[in-house]
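Participant: Below is a structure I'd like to ask you about.
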Amino acid sequence: MPRSWLFLSLVFLAPALRALAVEPPSPPSYGVRMENAWIPMNDGVRLSVTLYMPLGGKPGEKFPAVLEYHPYRKDDADAARDYGIYAYFAHRGFVGARVDIRGFGSSQGVPTDREYSAQEQFDGLQIITWLAHQPWSNGNVGMMGISWSGFNSLQMAMRNPPELKAIIAVDATAELFHDDVHYIDGMAHIDEFELNMDMAEGETGAPDYSLDETVLGPRFDAPPWSLMYLKQQHDGPFWRSPVRPLSEIKVPSFIIGGMLDGYRDSVPDMLMQTKAPLKAIVGPWNHTFPNDARPGPEIDWLEEAVRWWDYWLKGRDTGVLNDPKLMIYMQHWHPPDPNLETVPGEWRREDRWPPAAARNTVFFPQPNHTLATSPPEHDVHQLKYIPSVGVEAGFWWGELLSDQRPVDAFSLVYDSAPLKQDLAILGRPQAWLEASATAPLADWFARLSDVAPDGTVTQITGAGINGAQRDDMAAPHDLEPGKIYAMKIAMHLTSWVFPRGHRIRLSVSNALWPMVLPTPYAMTTSLELGGNNGSRLVLPIVPVQGTPAPAFKPPQPLEQRTDVKSLGFPWPGSWTMERDQVNQKTTVNWHGKAEEEYPWGKEADYEDLTYVADDAHPETSSVKGEAKTIFELHDRVLVWQGHLSVTTDQKNFYYRYTREVLKDNQMVKRKTWEETIPRDHQ
């Protein structure tokens with residue numbers, strides 16, 4: 001055979017040979033043993049770690065470590081959740097390492113001064129080094145987590161420590177001002193997270209929950225984070241200091257998101273900006289792990305995680321480099337239903353972003369409130385600002401929602417003609433608004449919905465913009481009343497198939513409460529129509545039939561601890577709305593409850609939030625919250641309580657927070673923070 005033929009034969013055979021070389025993920029070959037240890041920091045503080053160790057290995061066998069690091073207490077509140085995940089990894093030859101951040105749970109020290117602080121990251125570097133140099137370690141460390149621990153997995157990857165070989169970040173973002181829960185889309189937001197964390201700072205660790213002043217005092221006296229965040233009302237150094245550009249990440253990254261998660265835009269950001277090896281999965285889920293997703297379909301993401309860890313931490317070729325870069329769930333229409341169990345649709349693969357087949361199509365709002373692909377003649381549509389509009393649109397661009405007709409009744413609404421064939425979108429729709437307001441401050445919100453032939457309206461996605469931040473989120477400035485401004489609203493990542501006969505709807509409003517606190521001025525806004533560069537909707541249209549993704553396995557039941565039981569989680573909770581039509585006031589009440597059982601007693605968590613908006617006086621909104629954690633121990637009952645109040649007028653936020661701890665109904669300690677904070681374009 002000529003040498004050239006031999007070469008060509010090898011070239012064509014190479015993919016098949018590589019496929020033959022792919023190994024299955026590590027099987028469950030080990031037992032599991034839990035071990036508690038201390039990790040010393042350079043300043044003498046010790047951080048508490050629970051190690052989930054593989055049991056029954058060969059003498060001298062070395063294992064990689066998988067770290068999760070956050071303030072949500074590992075020895076009580078998160079113990080049941082942690083065990084199922086890290087026992088799974090330990091059975092397959094990985095040491096799971098769960099660490100409480102300093103000043104939280106069982107770790108020593110004073111609580112950090114904020115989320116994702118410099119101290120948290122400096123400690124994280126030391127934790128990674130410690131794990132890599134333990135006698136059982138093969139020197140390789142992975143980092144993972146959901147939400148907070150997904151955030152700091154990204155942040156540690158930005159620092160590229162040499163021992164950190166790969167990360168898995170679930171429901172996480174690097175955009176701390178625009179995307180996180182303090183300022184959604186750059187606008188003030190208060191939810192149960194504030195209640196939870198402001199009280200958590202003051203709690204001591206399990207199982208003794210010490211009231212000794214040397215332990216309790218520094219935690220209890222730590223200022224509530226919500227006070228600090230309320231003083232940081234626009235982007236800038238405060239929000240940027242914990243993060244570095246995504247392009248600086250050199251650590252291989254596996255990103256998981258959900259179409260109903262508030263942090264999902266980080267997935268396309270990573271795909272476009274990160275140069276390191278990258279894999280991404282986006283399902284139809286909310287803020288949950290994919291094996292316990294609501295709504296479904298659920299998938300066995302832990303097997304995918306082991307394939308990832310095997311390759312980067314053990315050097316086993318499980319074929320992850322041949323996986324699609326992105327596996328994403330294409331959602332099909334479903335009627336509005338907050339209790340939907342499974343979103344109809346299918347998985348598809350994309351090997352680049354934006355998708356190669358995506359084509360932007362422009363729809364123009366018309367004078368008769370339709371949407372069409374041709375530019376209209378000039379017209380102006382006006383909208384009176386109603387501060388209490390938006391309850392039906394949810395709390396953070398994420399939840400399954402009810403019919404949107406009630407909020408659309410107070411919005412500018414534009415509908416397409418009935419579609420002549422199915423139409424699919426994948427990406428971030430854009431609303432370009434030419435708009436003005438009669439006040440120096442206004443917010444605009446654009447929502448995309450599917451209108452069924454029977455008139456029901458299912459919201460697909462949306463986003464908002466603080467008009468003062470139209471040019472720069474870090475340098476807000478007043479609107480000039482009556483002046484027309486061009487504003488781009490990039491809606492949050494979505495996928496959707498509109499069925500034939502359905503209509504596309506664009507809705508525009510100036511309030512989306514209680515997701516965003518109301519702006520303080522009565523006003524009317526105007527939307528300018530006309531011309532190719534006038535107000536318009538841009539949809540990323542893709543073929544209805546995409547390339548199918550490899551099939552996921554359904555999740556398997558995780559191993560459970562017998563001595564710890566979790567009986568619920570306070571989020572998403574339940575809410576009710578009351579409208580006082582005579583006095584033009586609206587009240588939304590939210591309630592969440594969770595219970596846990598431990599060998600040393602029981603824990604019950606209660607959280608309540610009350611939002612009030614006054615349509616006649618938009619400057620006088622309020623948010624009030626109550627949080628309580630009750631520990632029923634064998635010899636005493638301890639109660640931590642937090643009381644939050646944020647009220648407004650046209651110029652200020654009025655903040656008050658009280659933290660309390662009681663023993664057997666007797667007050668042990670109480671502290672109040674009260675401050676007037678000027679509104680800074682919020």
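We name chains A, B, ... following the order of the structure tokens; residues begin at 1 in each chain, and ligands are numbered from 1 as shown.
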Residues near A:Thr648, anyone? I mean within 10 Å using only C-alpha atoms, not counting same-chain ones fewer than 2 positions away, as a list in words.
Facilitator: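 So, after excluding close chain neighbours, the residues are Leu517, Pro518, Thr519, Pro520, Pro618, Glu619, Thr620, Ser621, Ser622, Val623, Val646, Gln650, Lys651, Asn652, Phe653, Tyr654, Tyr655, Thr676, Ile677, Pro678 and Arg679 of chain A.
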Participant: Tell me, which residues of stretch 151-231 of chain A carry DSSP alpha helix (DSSP H), written as an MDAnalysis selection string?
Facilitator: chainID A and resid 151:159 192:200 213:220 225:230
Participant: I need the residue nearest A:Glu674 from this list: A:Pro476, A:Pro223, A:Pro252, A:Asp76. Use only C-alpha atoms for the distance.
Facilitator: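 Of the candidates, the smallest distance to A:Glu674 is held by A:Pro223.
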Participant: Can you tell me which residues surround A:Pro354 at a distance of at most 10 Å, considering only C-alpha atoms, apart from same-chain residues fewer than 4 positions away, and format the answer as number ranges by chain?
Facilitator: A: 268, 271-272, 350, 358-359, 426-428, 540
Participant: Give me, please, the distance in Å between atom CA of A:Ser210 and atom CA of A:Asn152, quoted to one decimal.
Facilitator: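 Going from atom CA of A:Ser210 over to atom CA of A:Asn152 covers 28.4 Å.
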Participant: Could you list, as a ChimeraX atom specification, every residue within 12 Å of stretch 27-33 of chain A, counting only C-alpha atoms and ignoring same-chain residues fewer than 2 positions away?
Facilitator: /A:23-25,35-36,50-58,61,63,83-96,303,306-307,310,559,561
Participant: Nearest residue to A:Trp444 out of A:Gln382, A:Ser495, A:Ser137, A:Thr525, using only C-alpha atoms?
Facilitator: A:Thr525
Participant: Using Å and a single decimal, report how far atom CA of A:Gly390 sits from atom CA of A:Ala409.
Facilitator: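 So the two atoms, atom CA of A:Ala409 and atom CA of A:Gly390, lie 10.3 Å apart.
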Participant: Would you please work out which residue, of A:Ser416, A:Asn339, A:Thr524, A:Ser449, is nearest to A:Ser574 when using only C-alpha atoms?
Facilitator: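 Smallest distance to A:Ser574 is found for A:Asn339.
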Participant: Go through A:Ala65, A:Ile39, A:Leu529, A:Ala439 and flag the residue nearest A:Gly139, using only C-alpha atoms for the distances.
Facilitator: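 Using only C-alpha atoms, A:Gly139 sits closest to A:Ala65.
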